[in-house]
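Novice: My structure file final.csv, CSV, N, CA and C atoms, is below:
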```csv
chain,number,residue,atom,x,y,z
A,18,MET,N,-69.8,179.8,72.1
A,18,MET,CA,-70.5,180.2,70.9
A,18,MET,C,-72.0,180.2,71.2
A,19,ALA,N,-72.7,181.2,70.8
A,19,ALA,CA,-74.1,181.3,71.0
A,19,ALA,C,-74.9,180.4,70.1
A,20,GLN,N,-76.0,179.9,70.7
A,20,GLN,CA,-77.0,179.1,70.0
A,20,GLN,C,-78.2,180.0,69.7
A,21,THR,N,-78.7,180.0,68.5
A,21,THR,CA,-79.8,180.9,68.2
A,21,THR,C,-81.0,180.1,67.6
A,22,LYS,N,-82.2,180.4,67.9
A,22,LYS,CA,-83.4,179.8,67.3
A,22,LYS,C,-84.4,180.9,67.1
A,23,ILE,N,-85.3,180.7,66.1
A,23,ILE,CA,-86.3,181.7,65.8
A,23,ILE,C,-87.6,181.0,65.5
A,24,TRP,N,-88.7,181.7,65.9
A,24,TRP,CA,-90.0,181.2,65.7
A,24,TRP,C,-91.0,182.3,65.5
A,25,PRO,N,-92.1,182.1,64.8
A,25,PRO,CA,-93.1,183.2,64.5
A,25,PRO,C,-94.0,183.4,65.7
A,26,VAL,N,-94.4,184.7,65.8
A,26,VAL,CA,-95.4,185.1,66.8
A,26,VAL,C,-96.7,185.4,66.0
A,27,THR,N,-97.7,184.6,66.3
A,27,THR,CA,-99.0,184.8,65.5
A,27,THR,C,-100.1,185.4,66.3
A,28,ASN,N,-99.9,185.5,67.6
A,28,ASN,CA,-100.9,186.2,68.4
A,28,ASN,C,-100.2,186.7,69.7
A,29,HIS,N,-100.9,187.6,70.4
A,29,HIS,CA,-100.4,188.2,71.7
A,29,HIS,C,-99.1,188.9,71.6
A,30,LEU,N,-98.9,189.8,70.6
A,30,LEU,CA,-97.7,190.6,70.5
A,30,LEU,C,-97.4,191.3,71.8
A,31,ALA,N,-98.4,192.0,72.3
A,31,ALA,CA,-98.1,192.8,73.6
A,31,ALA,C,-97.6,191.9,74.7
A,32,ARG,N,-98.2,190.7,74.8
A,32,ARG,CA,-97.7,189.8,75.9
A,32,ARG,C,-96.3,189.3,75.7
A,33,CYS,N,-95.9,189.1,74.4
A,33,CYS,CA,-94.6,188.7,74.1
A,33,CYS,C,-93.6,189.8,74.4
A,34,ILE,N,-93.9,191.1,74.0
A,34,ILE,CA,-93.0,192.2,74.3
A,34,ILE,C,-92.9,192.4,75.8
A,35,ARG,N,-94.0,192.3,76.5
A,35,ARG,CA,-94.0,192.5,78.0
A,35,ARG,C,-93.1,191.4,78.6
A,36,TYR,N,-93.2,190.2,78.1
A,36,TYR,CA,-92.4,189.1,78.7
A,36,TYR,C,-90.9,189.4,78.5
A,37,VAL,N,-90.5,189.7,77.2
A,37,VAL,CA,-89.1,189.9,77.0
A,37,VAL,C,-88.5,191.1,77.7
A,38,MET,N,-89.3,192.1,78.0
A,38,MET,CA,-88.9,193.3,78.6
A,38,MET,C,-89.0,193.3,80.2
A,39,ASN,N,-89.4,192.1,80.7
A,39,ASN,CA,-89.6,191.9,82.1
A,39,ASN,C,-88.4,192.5,83.0
A,40,PRO,N,-88.7,193.5,83.8
A,40,PRO,CA,-87.6,194.2,84.6
A,40,PRO,C,-86.9,193.2,85.5
A,41,ALA,N,-87.6,192.2,86.0
A,41,ALA,CA,-87.0,191.3,86.9
A,41,ALA,C,-85.9,190.4,86.2
A,42,LYS,N,-86.0,190.3,84.9
A,42,LYS,CA,-85.0,189.5,84.1
A,42,LYS,C,-84.0,190.3,83.4
A,43,THR,N,-84.2,191.6,83.4
A,43,THR,CA,-83.3,192.5,82.5
A,43,THR,C,-82.6,193.6,83.3
A,44,GLN,N,-82.3,193.3,84.6
A,44,GLN,CA,-81.6,194.3,85.4
A,44,GLN,C,-82.5,195.6,85.5
A,45,ASP,N,-83.7,195.5,85.8
A,45,ASP,CA,-84.7,196.6,85.9
A,45,ASP,C,-84.7,197.4,84.6
A,46,GLY,N,-84.6,196.7,83.5
A,46,GLY,CA,-84.8,197.3,82.2
A,46,GLY,C,-83.5,197.9,81.6
A,47,LYS,N,-82.3,197.7,82.3
A,47,LYS,CA,-81.1,198.2,81.8
A,47,LYS,C,-80.6,197.4,80.6
A,48,LEU,N,-81.0,196.2,80.5
A,48,LEU,CA,-80.6,195.3,79.4
A,48,LEU,C,-81.6,195.2,78.4
A,49,VAL,N,-82.3,196.3,78.0
A,49,VAL,CA,-83.3,196.4,77.0
A,49,VAL,C,-83.0,197.5,76.1
A,50,SER,N,-83.0,197.2,74.8
A,50,SER,CA,-82.7,198.2,73.7
A,50,SER,C,-83.6,198.1,72.6
A,51,GLY,N,-83.8,199.2,71.9
A,51,GLY,CA,-84.6,199.1,70.6
A,51,GLY,C,-83.7,199.4,69.4
A,52,VAL,N,-84.0,198.8,68.4
A,52,VAL,CA,-83.4,199.1,67.1
A,52,VAL,C,-84.6,199.6,66.2
A,53,ASN,N,-84.5,200.9,65.9
A,53,ASN,CA,-85.6,201.6,65.2
A,53,ASN,C,-86.8,201.7,66.0
A,54,LEU,N,-86.7,201.7,67.3
A,54,LEU,CA,-87.8,201.8,68.3
A,54,LEU,C,-87.3,202.7,69.4
A,55,PHE,N,-88.2,203.5,69.9
A,55,PHE,CA,-87.9,204.2,71.2
A,55,PHE,C,-88.5,203.4,72.3
A,56,ILE,N,-87.7,203.1,73.3
A,56,ILE,CA,-88.1,202.3,74.4
A,56,ILE,C,-88.0,203.1,75.7
A,57,PRO,N,-89.1,203.6,76.2
A,57,PRO,CA,-89.1,204.3,77.5
A,57,PRO,C,-88.8,203.2,78.6
A,58,PRO,N,-88.1,203.7,79.7
A,58,PRO,CA,-87.8,202.7,80.8
A,58,PRO,C,-89.0,202.0,81.3
A,59,ARG,N,-88.9,200.7,81.3
A,59,ARG,CA,-89.9,199.8,81.9
A,59,ARG,C,-91.3,200.0,81.3
A,60,ASP,N,-91.4,200.3,80.0
A,60,ASP,CA,-92.6,200.6,79.3
A,60,ASP,C,-92.8,199.7,78.1
A,61,TRP,N,-93.4,198.5,78.3
A,61,TRP,CA,-93.6,197.6,77.1
A,61,TRP,C,-94.7,198.1,76.2
A,62,GLN,N,-95.5,199.0,76.6
A,62,GLN,CA,-96.6,199.4,75.8
A,62,GLN,C,-96.1,200.4,74.7
A,63,GLY,N,-95.1,201.1,74.9
A,63,GLY,CA,-94.5,202.0,73.9
A,63,GLY,C,-94.0,201.3,72.7
A,64,PRO,N,-93.1,200.3,72.8
A,64,PRO,CA,-92.7,199.5,71.6
A,64,PRO,C,-93.9,198.7,71.0
A,65,THR,N,-94.8,198.2,71.8
A,65,THR,CA,-95.9,197.5,71.2
A,65,THR,C,-96.7,198.4,70.3
A,66,ASN,N,-97.0,199.6,70.8
A,66,ASN,CA,-97.8,200.6,70.0
A,66,ASN,C,-97.0,201.0,68.7
A,67,GLN,N,-95.7,201.2,68.8
A,67,GLN,CA,-95.0,201.6,67.7
A,67,GLN,C,-95.0,200.5,66.6
A,68,MET,N,-94.9,199.2,67.0
A,68,MET,CA,-95.0,198.1,66.1
A,68,MET,C,-96.4,198.0,65.5
A,69,LEU,N,-97.4,198.2,66.3
A,69,LEU,CA,-98.8,198.1,65.8
A,69,LEU,C,-99.1,199.3,64.8
A,70,ASN,N,-98.5,200.5,65.1
A,70,ASN,CA,-98.7,201.6,64.2
A,70,ASN,C,-98.1,201.3,62.9
A,71,THR,N,-97.0,200.7,62.8
A,71,THR,CA,-96.4,200.3,61.5
A,71,THR,C,-97.3,199.4,60.8
A,72,LYS,N,-97.9,198.4,61.5
A,72,LYS,CA,-98.8,197.4,60.8
A,72,LYS,C,-100.1,198.1,60.3
A,73,VAL,N,-100.6,199.1,61.1
A,73,VAL,CA,-101.8,199.8,60.7
A,73,VAL,C,-101.5,200.7,59.4
A,74,ARG,N,-100.3,201.4,59.5
A,74,ARG,CA,-99.9,202.2,58.4
A,74,ARG,C,-99.9,201.5,57.0
A,75,PHE,N,-99.5,200.2,57.0
A,75,PHE,CA,-99.4,199.5,55.8
A,75,PHE,C,-100.5,198.5,55.7
A,76,ASN,N,-101.5,198.5,56.6
A,76,ASN,CA,-102.7,197.6,56.5
A,76,ASN,C,-102.3,196.2,56.5
A,77,LYS,N,-101.4,195.8,57.4
A,77,LYS,CA,-100.9,194.5,57.6
A,77,LYS,C,-101.0,194.0,59.0
A,78,LEU,N,-102.2,193.8,59.4
A,78,LEU,CA,-102.5,193.4,60.8
A,78,LEU,C,-102.6,191.9,61.0
A,79,GLY,N,-102.7,191.1,60.0
A,79,GLY,CA,-102.9,189.7,60.2
A,79,GLY,C,-101.7,188.9,60.0
A,80,GLY,N,-101.8,187.6,60.1
A,80,GLY,CA,-100.7,186.6,59.9
A,80,GLY,C,-99.7,186.7,61.0
A,81,ARG,N,-98.5,186.5,60.6
A,81,ARG,CA,-97.4,186.6,61.6
A,81,ARG,C,-97.1,188.0,62.0
A,82,LEU,N,-97.2,188.2,63.3
A,82,LEU,CA,-97.1,189.5,63.9
A,82,LEU,C,-95.7,189.9,64.1
A,83,ALA,N,-94.9,189.0,64.4
A,83,ALA,CA,-93.5,189.2,64.8
A,83,ALA,C,-92.7,187.9,64.7
A,84,TYR,N,-91.4,188.0,64.8
A,84,TYR,CA,-90.5,186.8,65.0
A,84,TYR,C,-89.8,187.0,66.3
A,85,HIS,N,-89.7,185.9,67.0
A,85,HIS,CA,-89.0,185.9,68.3
A,85,HIS,C,-87.8,185.0,68.2
A,86,MET,N,-86.7,185.7,68.4
A,86,MET,CA,-85.4,185.0,68.3
A,86,MET,C,-84.8,184.9,69.7
A,87,GLU,N,-84.2,183.7,70.0
A,87,GLU,CA,-83.5,183.6,71.3
A,87,GLU,C,-82.1,183.2,71.0
A,88,GLN,N,-81.2,184.0,71.6
A,88,GLN,CA,-79.7,183.8,71.4
A,88,GLN,C,-79.2,183.4,72.8
A,89,SER,N,-78.8,182.1,73.0
A,89,SER,CA,-78.3,181.6,74.3
A,89,SER,C,-76.8,181.4,74.3
A,90,PHE,N,-76.2,181.8,75.4
A,90,PHE,CA,-74.8,181.6,75.6
A,90,PHE,C,-74.5,180.6,76.7
A,91,LYS,N,-73.4,179.9,76.6
A,91,LYS,CA,-73.0,179.0,77.6
A,91,LYS,C,-72.8,179.7,78.9
A,92,GLU,N,-73.0,178.9,80.0
A,92,GLU,CA,-72.8,179.5,81.4
A,92,GLU,C,-71.4,180.1,81.5
A,93,GLU,N,-71.3,181.3,82.0
A,93,GLU,CA,-70.1,182.0,82.2
A,93,GLU,C,-69.3,182.4,80.9
A,94,GLU,N,-70.0,182.3,79.8
A,94,GLU,CA,-69.3,182.6,78.5
A,94,GLU,C,-69.2,184.1,78.3
A,95,VAL,N,-70.2,184.8,78.7
A,95,VAL,CA,-70.3,186.3,78.5
A,95,VAL,C,-70.8,187.0,79.8
A,96,THR,N,-70.5,188.2,79.9
A,96,THR,CA,-71.2,189.1,80.9
A,96,THR,C,-72.6,189.5,80.4
A,97,PRO,N,-73.5,189.9,81.2
A,97,PRO,CA,-74.7,190.4,80.7
A,97,PRO,C,-74.6,191.6,79.7
A,98,GLU,N,-73.6,192.5,80.0
A,98,GLU,CA,-73.4,193.6,79.1
A,98,GLU,C,-72.9,193.2,77.8
A,99,LEU,N,-72.0,192.2,77.7
A,99,LEU,CA,-71.4,191.8,76.5
A,99,LEU,C,-72.5,191.0,75.7
A,100,ALA,N,-73.3,190.2,76.4
A,100,ALA,CA,-74.4,189.5,75.7
A,100,ALA,C,-75.3,190.5,75.0
A,101,HIS,N,-75.7,191.5,75.8
A,101,HIS,CA,-76.6,192.5,75.3
A,101,HIS,C,-76.0,193.2,74.0
A,102,LYS,N,-74.8,193.6,74.1
A,102,LYS,CA,-74.1,194.2,73.0
A,102,LYS,C,-74.1,193.3,71.8
A,103,ILE,N,-73.8,192.1,71.9
A,103,ILE,CA,-73.8,191.1,70.8
A,103,ILE,C,-75.2,191.0,70.2
A,104,GLY,N,-76.3,191.0,71.1
A,104,GLY,CA,-77.6,190.9,70.6
A,104,GLY,C,-78.1,192.1,69.8
A,105,VAL,N,-77.7,193.3,70.3
A,105,VAL,CA,-78.0,194.5,69.6
A,105,VAL,C,-77.3,194.6,68.3
A,106,GLU,N,-76.0,194.2,68.3
A,106,GLU,CA,-75.3,194.2,67.0
A,106,GLU,C,-75.8,193.3,66.0
A,107,LEU,N,-76.3,192.1,66.5
A,107,LEU,CA,-76.9,191.1,65.6
A,107,LEU,C,-78.2,191.7,65.0
A,108,ALA,N,-79.0,192.3,65.8
A,108,ALA,CA,-80.3,192.8,65.4
A,108,ALA,C,-80.0,194.0,64.4
A,109,GLN,N,-79.1,194.8,64.6
A,109,GLN,CA,-78.8,195.9,63.7
A,109,GLN,C,-78.3,195.4,62.4
A,110,GLU,N,-77.4,194.4,62.4
A,110,GLU,CA,-76.8,193.8,61.2
A,110,GLU,C,-77.9,193.1,60.3
A,111,LEU,N,-78.8,192.3,61.0
A,111,LEU,CA,-79.8,191.6,60.2
A,111,LEU,C,-81.0,192.4,59.8
A,112,PHE,N,-81.4,193.3,60.7
A,112,PHE,CA,-82.7,193.9,60.5
A,112,PHE,C,-82.7,195.5,60.6
A,113,GLY,N,-81.6,196.1,60.9
A,113,GLY,CA,-81.5,197.5,61.3
A,113,GLY,C,-82.0,198.5,60.3
A,114,GLY,N,-81.9,198.2,59.0
A,114,GLY,CA,-82.3,199.1,58.0
A,114,GLY,C,-83.8,199.2,57.7
A,115,ARG,N,-84.5,198.2,58.2
A,115,ARG,CA,-85.9,198.1,57.7
A,115,ARG,C,-87.0,197.7,58.8
A,116,TYR,N,-86.5,197.1,59.9
A,116,TYR,CA,-87.5,196.6,60.8
A,116,TYR,C,-87.3,197.1,62.3
A,117,GLU,N,-88.4,197.1,63.0
A,117,GLU,CA,-88.3,197.5,64.4
A,117,GLU,C,-88.0,196.3,65.3
A,118,VAL,N,-87.1,196.4,66.2
A,118,VAL,CA,-86.7,195.3,67.0
A,118,VAL,C,-86.5,195.7,68.4
A,119,VAL,N,-86.9,194.8,69.3
A,119,VAL,CA,-86.7,194.9,70.8
A,119,VAL,C,-85.6,193.8,71.1
A,120,VAL,N,-84.5,194.2,71.8
A,120,VAL,CA,-83.5,193.3,72.2
A,120,VAL,C,-83.5,193.4,73.7
A,121,ALA,N,-83.7,192.2,74.4
A,121,ALA,CA,-83.7,192.2,75.8
A,121,ALA,C,-82.8,191.0,76.3
A,122,THR,N,-81.9,191.3,77.2
A,122,THR,CA,-81.0,190.2,77.7
A,122,THR,C,-81.5,189.8,79.1
A,123,HIS,N,-81.8,188.5,79.2
A,123,HIS,CA,-82.3,187.9,80.4
A,123,HIS,C,-81.2,187.3,81.2
A,124,ILE,N,-81.1,187.6,82.5
A,124,ILE,CA,-80.1,187.0,83.4
A,124,ILE,C,-80.7,186.2,84.5
A,125,ASP,N,-81.9,185.7,84.3
A,125,ASP,CA,-82.6,185.0,85.4
A,125,ASP,C,-82.3,183.5,85.4
A,126,LYS,N,-81.5,183.0,84.5
A,126,LYS,CA,-81.1,181.6,84.4
A,126,LYS,C,-79.6,181.5,84.5
A,127,LYS,N,-79.0,180.3,84.6
A,127,LYS,CA,-77.6,180.2,84.7
A,127,LYS,C,-76.9,180.6,83.4
A,128,HIS,N,-77.6,180.4,82.3
A,128,HIS,CA,-77.1,180.8,81.0
A,128,HIS,C,-77.8,182.2,80.6
A,129,ILE,N,-76.9,183.1,80.3
A,129,ILE,CA,-77.5,184.4,79.8
A,129,ILE,C,-78.0,184.2,78.4
A,130,HIS,N,-79.1,184.9,78.1
A,130,HIS,CA,-79.7,184.8,76.8
A,130,HIS,C,-80.4,186.1,76.4
A,131,ASN,N,-80.4,186.3,75.1
A,131,ASN,CA,-81.1,187.4,74.5
A,131,ASN,C,-82.4,187.0,73.9
A,132,HIS,N,-83.4,187.9,74.0
A,132,HIS,CA,-84.6,187.8,73.3
A,132,HIS,C,-84.6,188.9,72.3
A,133,ILE,N,-84.8,188.6,71.0
A,133,ILE,CA,-84.8,189.6,69.9
A,133,ILE,C,-86.1,189.4,69.3
A,134,LEU,N,-86.9,190.5,69.4
A,134,LEU,CA,-88.3,190.4,68.9
A,134,LEU,C,-88.4,191.4,67.7
A,135,LEU,N,-88.7,190.9,66.6
A,135,LEU,CA,-88.7,191.6,65.3
A,135,LEU,C,-90.1,191.8,64.8
A,136,ASN,N,-90.5,193.0,64.5
A,136,ASN,CA,-91.8,193.3,63.9
A,136,ASN,C,-91.8,192.7,62.5
A,137,SER,N,-92.8,192.0,62.2
A,137,SER,CA,-92.9,191.3,60.9
A,137,SER,C,-93.0,192.3,59.7
A,138,VAL,N,-93.4,193.5,59.9
A,138,VAL,CA,-93.7,194.5,58.9
A,138,VAL,C,-92.6,195.6,58.9
A,139,SER,N,-92.0,195.8,57.7
A,139,SER,CA,-91.0,196.8,57.6
A,139,SER,C,-91.6,198.2,57.7
A,140,PHE,N,-90.9,199.0,58.5
A,140,PHE,CA,-91.4,200.4,58.6
A,140,PHE,C,-91.0,201.2,57.4
A,141,VAL,N,-90.1,200.7,56.5
A,141,VAL,CA,-89.7,201.4,55.3
A,141,VAL,C,-90.7,201.3,54.2
A,142,ASP,N,-91.1,200.1,53.9
A,142,ASP,CA,-92.0,199.8,52.7
A,142,ASP,C,-93.2,198.9,53.0
A,143,GLY,N,-93.4,198.5,54.2
A,143,GLY,CA,-94.5,197.6,54.6
A,143,GLY,C,-94.4,196.2,54.2
A,144,LYS,N,-93.2,195.8,53.6
A,144,LYS,CA,-93.1,194.4,53.2
A,144,LYS,C,-92.8,193.6,54.5
A,145,LYS,N,-93.4,192.4,54.4
A,145,LYS,CA,-93.3,191.5,55.6
A,145,LYS,C,-92.0,190.7,55.5
A,146,PHE,N,-91.4,190.5,56.6
A,146,PHE,CA,-90.2,189.6,56.7
A,146,PHE,C,-90.6,188.2,56.5
A,147,HIS,N,-89.8,187.5,55.7
A,147,HIS,CA,-90.1,186.1,55.4
A,147,HIS,C,-89.0,185.2,56.0
A,148,GLN,N,-89.4,184.3,56.9
A,148,GLN,CA,-88.5,183.3,57.4
A,148,GLN,C,-89.0,181.9,57.0
A,149,PRO,N,-88.3,181.4,56.0
A,149,PRO,CA,-88.8,180.0,55.5
A,149,PRO,C,-88.5,179.0,56.6
A,150,ASN,N,-89.4,177.9,56.5
A,150,ASN,CA,-89.3,176.8,57.4
A,150,ASN,C,-89.4,177.1,58.9
A,151,SER,N,-90.3,178.1,59.2
A,151,SER,CA,-90.5,178.3,60.7
A,151,SER,C,-91.9,178.3,61.0
```
Translate this structure into structure tokens?
Specialist:
Amino acid sequence: MAQTKIWPVTNHLARCIRYVMNPAKTQDGKLVSGVNLFIPPRDWQGPTNQMLNTKVRFNKLGGRLAYHMEQSFKEEEVTPELAHKIGVELAQELFGGRYEVVVATHIDKKHIHNHILLNSVSFVDGKKFHQPNS
């Protein structure tokens, strides 16, 4: 069973996106997907700009910029492809109708884990995602 934690991103959105999309950790970008985002191969600037454009459109550039979720699996519990599929399905179920999300599966450790990076501002209506107690 996967273990999941979430925390706010209050600065360095671009650095966070670049980290989760790291080609060395994601099979050269094959384990990176976007929910409501177009993600060019190995291009962290594209999703960063898309998220920032949503923030500009609704004049919501301050405060929490994003939420970073990590979903970790036990060693040998899943294949990289299955872990990625689970991460994308989770992101679509929780955030798919309103928020831009980057899902990246890292395989650089013994335990496979997903990074799910959620734009804090909805592209639909500009409302910010609220995560209590984080």
Novice: Which residues of range 95-142 of chain A come within 6 Å of range 44-68 of chain A, and what is each one's closest atom pair and distance in Å (one decimal), counting only C-alpha atoms, sorted by chain and residue number, as a tab-separated table?
Specialist:
```
residue	atom	partner	partner_atom	distance
A:Glu117	CA	A:Asn53	CA	5.0
A:Val118	CA	A:Val52	CA	5.0
A:Val119	CA	A:Gly51	CA	4.7
A:Val120	CA	A:Ser50	CA	5.2
A:Ala121	CA	A:Val49	CA	4.4
A:Thr122	CA	A:Leu48	CA	5.4
```
Novice: Skipping near chain neighbours, those fewer than 5 positions away, what residues fall within 7 Å of Thr27 in chain A using only C-alpha atoms, listed as a list in words?
Specialist: Gly80, Arg81 and Leu82 of chain A
Novice: Smallest atom-to-atom distance to Pro25 in chain A: which of A:His128, A:Arg115, A:His85, A:Lys102, using all atoms listed in the file?
Specialist: A:His85
Novice: Could you tell me which of A:Ala31, A:Ala19, A:Ile133, A:Ile124 comes closest to Tyr84 in chain A if we count only N, CA and C atoms?
Specialist: A:Ile133
Novice: Report as a PyMOL selection string: the residues of range 109-138 of chain A with a DSSP assignment of helix (DSSP H, G or I), based on the backbone of this structure.
Specialist: chain A and resi 109-112
Novice: For N, CA and C atoms, I'd like the residues from the last selection saved as a short mmCIF file (atom, residue, chain, number, x, y, z; two decimals), keeping the file's coordinate frame.
Specialist:
```cif
data_model
loop_
_atom_site.label_atom_id
_atom_site.label_comp_id
_atom_site.auth_asym_id
_atom_site.auth_seq_id
_atom_site.Cartn_x
_atom_site.Cartn_y
_atom_site.Cartn_z
N GLN A 109 -79.10 194.80 64.60
CA GLN A 109 -78.80 195.90 63.70
C GLN A 109 -78.30 195.40 62.40
N GLU A 110 -77.40 194.40 62.40
CA GLU A 110 -76.80 193.80 61.20
C GLU A 110 -77.90 193.10 60.30
N LEU A 111 -78.80 192.30 61.00
CA LEU A 111 -79.80 191.60 60.20
C LEU A 111 -81.00 192.40 59.80
N PHE A 112 -81.40 193.30 60.70
CA PHE A 112 -82.70 193.90 60.50
C PHE A 112 -82.70 195.50 60.60
#
```
Novice: Which residue out of A:Glu98, A:Trp24, A:Gly104, A:Glu93 has the minimum interatomic distance to Lys127 in chain A when only N, CA and C atoms are used?
Specialist: A:Glu93
Novice: Hey, can you check how far atom N of Ala83 in chain A sits from atom N of Val37 in chain A?
Specialist: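 Taking atom N of Ala83 in chain A and atom N of Val37 in chain A, their separation equals 13.6 Å.
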Novice: What's the separation between CA of Gly79 in chain A and CA of Leu111 in chain A, in Å to one decimal place?
Specialist: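 Here the two named atoms are 23.2 Å from each other.
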Novice: Based on DSSP run over this structure's backbone, return all residues of range 26-141 of chain A in strand (DSSP E), as an MDAnalysis selection string.
Specialist: chainID A and resid 26 49:52 83:89 118:123 130:136
Novice: Tell me which of A:Lys77, A:Lys42, A:Lys145, A:Lys22 sits closest to His123 in chain A, counting all atoms listed in the file.
Specialist: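 Smallest distance to His123 in chain A is found for A:Lys42.
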Novice: When you draw a straight line from atom N of Cys33 in chain A to CA of Asn131 in chain A, how long is it in Å?
Specialist: 14.9 Å
Novice: Might I get the box with edges along x, y and z of the file that holds all atoms of range 63-77 of chain A listed there, padded by 5 Å on every side, given as centre and edge lengths in Å to one decimal, as lines of an AutoDock Vina configuration file?
Specialist:
```
center_x = -97.7
center_y = 198.1
center_z = 65.3
size_x = 20.0
size_y = 18.2
size_z = 29.2
```
Novice: Around (-83.4, 181.9, 72.6) in the file's own coordinates, what residues are found within 8 Å if you use only C-alpha atoms, given back as a PyMOL selection string?
Specialist: chain A and resi 20-23+86-89+130-132
